[in-house]
Amino acid sequence: MEIYDVEKIRCDFPSLQREVHGRSLVYLDNAATSQTPEKVWHGIEEMYLEHKANVHRGVHTLSQEATDCQEATRRRVREYINAASEREIIFTRGATEAINLVASSFGDRFRDGDEIILTVMEHHANIVPWQLLQRHRDIKLRVVDINDRGELDMEQYRSLFTERTVMAAFAHVSNVLGTVNPVEEMIRIAHSHGVPVLVDGCQASPHMRLDMQALDCDFYTFSAHKMYGPTGIGVLYGKERWLEEMPPYQGGGEMIGHVSFEGTTYAELPFKFEAGTPDFVGIAAFSDALDYIDSIGLERMAAHEADLLRYTTARLTAEIPGIRIFGTAPHKSAVISFLIGDEHPYDVGMLLDTQGIAVRTGHHCAQPLMERLGIPGTVRASFAAYNTRREADLLIEALKRIASMLG
Ligand code: PMP
């Protein structure tokens, strides 16, 4: 098998060559967003230079080309996640919008007293949309806790289902703890109670092969910008039978069959959920990101990231006095959240930045999890396919200096 040439991969990402505060950039904020390979912004450039015309509305050549590019990505995404049909692939602005779409449109059927199961490790994007339903209905949120390693309490999960449970919604992978949740089992349990499931796949889609038909979830969401793709694009996968039944989320152009003041009919799937001019430029270029991932191989990328996770975790634990790592599940993706002694995460993050090292600090849009852990936030280093052991070394050496400086 061809060796994993990380230096060659790095050459595809010009942004990785830049300097920050006079040092080579060490970009370890990939769980927030990944950098973008040349192939993807060339795709964006090509759309602007050659095929910039509004999709679906024109008979003219440019419009048809733009439409073809957008629809080619839909086919590509369907194939990439092994969905049964292109009708099940909805383009959104991101995972956040996708979850809001489901909460608002699927949530239309929920009634007073209905219950939704979430977990304590959810991103705000998978909490607040469900809370918005509570403005009009008395919906109860039931929350699954975690153990000391940051794994879900599966006994509790099982026990939370009642005859009033109408939805279970949870992350595939935690953006803070890195825990890979047993989603297959969780979906099976929910379905055994007749409860549909939404999986927030934001932190899984850049690192693991997805198969919607094998997973059998009802909804799955992810964002392109975390997958080496453009910003402003997300995907909602939904089972056709649900999407057919659901009312539109937004009204406007593209999503209609016929409009009159007496009443409006809606377009077929997937267009029923794509009101207004979509970001067809970004959508077209998302296909280039998926091609890029396939050109290296997602499994090889994931193996490289797993090596970085093991290496960095072992060294941090052994060499940084007073470090606490949050999330130590055996099945974990390449995210390391930590605190050093009583130091505030912002101070550590700012000092790392002065050395050219980009990490995320704060609550990571998971305030209920921070509350559960009894901490204000963490420092989070997260890896992508282009990171190196040398970068991990630079992080560790910098943290050693910071730890001794801060005492
Ligand atoms: N869920 C998880 C687990 C995430 O990590 C993120 C991004 N931080 C989101 C949802 C929201 O993604 P976006 O901002 O791209 O909509």
# chains A, B, ... in the order shown; residues from 1 in each chain; ligands from 1
call {"tool": "residues_around", "arguments": {"residues": "Asp114 of chain A", "least_positions_apart": "2", "cutoff": "8 Å", "atoms": "only C-alpha atoms", "output": "JSON, numbers by chain"}}
result
{"A": [110, 111, 112, 116, 138, 139, 140, 164, 165, 166]}
call {"tool": "write_last_selection", "arguments": {"atoms": "N, CA, C and O atoms", "output": "PDB file, in the first residue's frame"}}
result
ATOM      1  N   PHE A 110     -45.448  17.235  16.821  1.00  0.00           N
ATOM      2  CA  PHE A 110     -45.353  16.966  18.256  1.00  0.00           C
ATOM      3  C   PHE A 110     -46.484  17.685  19.013  1.00  0.00           C
ATOM      4  O   PHE A 110     -46.947  18.741  18.597  1.00  0.00           O
ATOM      5  N   ARG A 111     -46.853  17.094  20.131  1.00  0.00           N
ATOM      6  CA  ARG A 111     -47.981  17.625  20.912  1.00  0.00           C
ATOM      7  C   ARG A 111     -47.559  17.896  22.351  1.00  0.00           C
ATOM      8  O   ARG A 111     -46.524  17.384  22.798  1.00  0.00           O
ATOM      9  N   ASP A 112     -48.380  18.635  23.097  1.00  0.00           N
ATOM     10  CA  ASP A 112     -48.114  18.890  24.527  1.00  0.00           C
ATOM     11  C   ASP A 112     -47.834  17.571  25.231  1.00  0.00           C
ATOM     12  O   ASP A 112     -48.575  16.597  25.040  1.00  0.00           O
ATOM     13  N   ILE A 116     -38.598  14.444  23.999  1.00  0.00           N
ATOM     14  CA  ILE A 116     -37.472  14.288  23.073  1.00  0.00           C
ATOM     15  C   ILE A 116     -36.249  13.891  23.893  1.00  0.00           C
ATOM     16  O   ILE A 116     -35.960  14.520  24.922  1.00  0.00           O
ATOM     17  N   ASP A 138     -45.807  22.194  25.082  1.00  0.00           N
ATOM     18  CA  ASP A 138     -45.150  21.764  26.316  1.00  0.00           C
ATOM     19  C   ASP A 138     -44.347  20.487  26.017  1.00  0.00           C
ATOM     20  O   ASP A 138     -44.760  19.390  26.383  1.00  0.00           O
ATOM     21  N   ILE A 139     -43.199  20.664  25.344  1.00  0.00           N
ATOM     22  CA  ILE A 139     -42.355  19.519  24.970  1.00  0.00           C
ATOM     23  C   ILE A 139     -41.315  19.313  26.080  1.00  0.00           C
ATOM     24  O   ILE A 139     -40.682  20.272  26.518  1.00  0.00           O
ATOM     25  N   LYS A 140     -41.142  18.081  26.488  1.00  0.00           N
ATOM     26  CA  LYS A 140     -40.160  17.796  27.552  1.00  0.00           C
ATOM     27  C   LYS A 140     -38.868  17.274  26.929  1.00  0.00           C
ATOM     28  O   LYS A 140     -38.916  16.417  26.039  1.00  0.00           O
ATOM     29  N   ARG A 164     -44.511   8.522  25.436  1.00  0.00           N
ATOM     30  CA  ARG A 164     -44.590   9.906  24.940  1.00  0.00           C
ATOM     31  C   ARG A 164     -43.341  10.322  24.156  1.00  0.00           C
ATOM     32  O   ARG A 164     -43.240  11.454  23.704  1.00  0.00           O
ATOM     33  N   THR A 165     -42.358   9.413  24.036  1.00  0.00           N
ATOM     34  CA  THR A 165     -41.131   9.799  23.317  1.00  0.00           C
ATOM     35  C   THR A 165     -41.422   9.893  21.814  1.00  0.00           C
ATOM     36  O   THR A 165     -41.929   8.934  21.219  1.00  0.00           O
ATOM     37  N   VAL A 166     -41.068  11.046  21.234  1.00  0.00           N
ATOM     38  CA  VAL A 166     -41.372  11.251  19.810  1.00  0.00           C
ATOM     39  C   VAL A 166     -40.110  11.404  18.968  1.00  0.00           C
ATOM     40  O   VAL A 166     -40.185  11.432  17.734  1.00  0.00           O
TER      41      VAL A 166
END
call {"tool": "residues_near_ligand", "arguments": {"ligand": "ligand 1", "cutoff": "7 Å", "atoms": "only C-alpha atoms and all ligand atoms", "output": "list in words"}}
result
Ala31, Ala32, Gly94, Ala95, Thr96, Glu97, Glu122, His123, Ala125, Asn126, Ala171, Val173, Ser174, Asn175, Asp200, Gly201, Cys202, Gln203, Ser223 and His225 of chain A
call {"tool": "residues_around", "arguments": {"residues": "Ala384 of chain A", "least_positions_apart": "2", "cutoff": "12 Å", "atoms": "only C-alpha atoms", "output": "PyMOL selection string"}}
result
chain A and resi 6+9-10+13+16+26-36+203+206-207+226-228+293+298+300-309+333-335+381-382+386-389+391-392
call {"tool": "select_by_dssp", "arguments": {"residues": "segment 250-375 of chain A", "states": "strand (DSSP E or B)", "output": "ChimeraX atom specification"}}
result
/A:256-260,263-266,323-326,332,335-340,357-358,360-362
call {"tool": "write_last_selection", "arguments": {"atoms": "C-alpha atoms", "output": "CSV table (one decimal), in the first residue's frame"}}
result
chain,number,residue,atom,x,y,z
A,256,ILE,CA,-43.1,25.6,-5.1
A,257,GLY,CA,-45.3,23.7,-7.5
A,258,HIS,CA,-47.8,26.4,-8.3
A,259,VAL,CA,-48.4,29.7,-6.4
A,260,SER,CA,-51.7,31.6,-6.3
A,263,GLY,CA,-53.1,28.5,-2.2
A,264,THR,CA,-49.8,27.1,-3.1
A,265,THR,CA,-48.6,23.6,-4.0
A,266,TYR,CA,-45.0,22.5,-3.3
A,323,ILE,CA,-3.1,18.4,32.9
A,324,ARG,CA,-6.7,17.1,32.9
A,325,ILE,CA,-8.0,15.6,29.7
A,326,PHE,CA,-11.8,15.6,29.2
A,332,LYS,CA,-12.6,8.4,20.4
A,335,VAL,CA,-10.1,15.7,19.6
A,336,ILE,CA,-8.3,16.5,22.8
A,337,SER,CA,-10.0,18.8,25.3
A,338,PHE,CA,-7.9,19.7,28.3
A,339,LEU,CA,-7.1,22.1,31.2
A,340,ILE,CA,-3.8,22.7,32.8
A,357,ILE,CA,-0.6,27.4,17.4
A,358,ALA,CA,-4.3,27.6,16.7
A,360,ARG,CA,-10.1,26.5,20.3
A,361,THR,CA,-10.9,27.6,23.8
A,362,GLY,CA,-14.1,28.1,25.6
call {"tool": "select_by_dssp", "arguments": {"residues": "segment 2-39 of chain A", "states": "helix (DSSP H, G or I)", "output": "list in words"}}
result
Val6, Glu7, Lys8, Ile9, Arg10, Cys11, Pro14, Ser15, Leu16, Gln17, Glu38 and Lys39 of chain A
call {"tool": "residues_around", "arguments": {"residues": "Ile320 of chain A", "least_positions_apart": "3", "cutoff": "8 Å", "atoms": "only C-alpha atoms", "output": "list in words"}}
result
Arg315, Leu316, Thr317, Ile323, Ile340, Ile396, Leu399, Lys400 and Ala403 of chain A
call {"tool": "write_last_selection", "arguments": {"atoms": "N, CA, C and O atoms", "output": "PDB file, in the first residue's frame"}}
result
ATOM      1  N   ARG A 315       1.798  11.721  25.278  1.00  0.00           N
ATOM      2  CA  ARG A 315       2.826  12.694  25.672  1.00  0.00           C
ATOM      3  C   ARG A 315       2.271  13.768  26.603  1.00  0.00           C
ATOM      4  O   ARG A 315       2.923  14.154  27.566  1.00  0.00           O
ATOM      5  N   LEU A 316       1.070  14.255  26.300  1.00  0.00           N
ATOM      6  CA  LEU A 316       0.473  15.292  27.166  1.00  0.00           C
ATOM      7  C   LEU A 316       0.319  14.761  28.582  1.00  0.00           C
ATOM      8  O   LEU A 316       0.665  15.434  29.562  1.00  0.00           O
ATOM      9  N   THR A 317      -0.190  13.528  28.675  1.00  0.00           N
ATOM     10  CA  THR A 317      -0.449  12.935  29.990  1.00  0.00           C
ATOM     11  C   THR A 317       0.858  12.765  30.762  1.00  0.00           C
ATOM     12  O   THR A 317       0.930  13.049  31.966  1.00  0.00           O
ATOM     13  N   ILE A 323      -2.196  18.381  33.995  1.00  0.00           N
ATOM     14  CA  ILE A 323      -3.146  18.389  32.870  1.00  0.00           C
ATOM     15  C   ILE A 323      -4.327  17.480  33.183  1.00  0.00           C
ATOM     16  O   ILE A 323      -4.179  16.423  33.807  1.00  0.00           O
ATOM     17  N   ILE A 340      -5.074  22.881  32.078  1.00  0.00           N
ATOM     18  CA  ILE A 340      -3.818  22.724  32.816  1.00  0.00           C
ATOM     19  C   ILE A 340      -3.984  23.405  34.170  1.00  0.00           C
ATOM     20  O   ILE A 340      -4.169  24.633  34.222  1.00  0.00           O
ATOM     21  N   ILE A 396       3.087  20.372  22.387  1.00  0.00           N
ATOM     22  CA  ILE A 396       3.497  19.865  23.704  1.00  0.00           C
ATOM     23  C   ILE A 396       4.620  20.738  24.293  1.00  0.00           C
ATOM     24  O   ILE A 396       4.574  21.126  25.461  1.00  0.00           O
ATOM     25  N   LEU A 399       3.145  23.955  25.449  1.00  0.00           N
ATOM     26  CA  LEU A 399       2.377  23.791  26.693  1.00  0.00           C
ATOM     27  C   LEU A 399       3.298  23.628  27.901  1.00  0.00           C
ATOM     28  O   LEU A 399       2.986  24.102  28.994  1.00  0.00           O
ATOM     29  N   LYS A 400       4.418  22.974  27.674  1.00  0.00           N
ATOM     30  CA  LYS A 400       5.390  22.837  28.786  1.00  0.00           C
ATOM     31  C   LYS A 400       5.861  24.217  29.224  1.00  0.00           C
ATOM     32  O   LYS A 400       5.914  24.527  30.418  1.00  0.00           O
ATOM     33  N   ALA A 403       3.023  25.993  30.988  1.00  0.00           N
ATOM     34  CA  ALA A 403       2.783  25.426  32.322  1.00  0.00           C
ATOM     35  C   ALA A 403       3.817  25.953  33.313  1.00  0.00           C
ATOM     36  O   ALA A 403       3.470  26.335  34.447  1.00  0.00           O
TER      37      ALA A 403
END
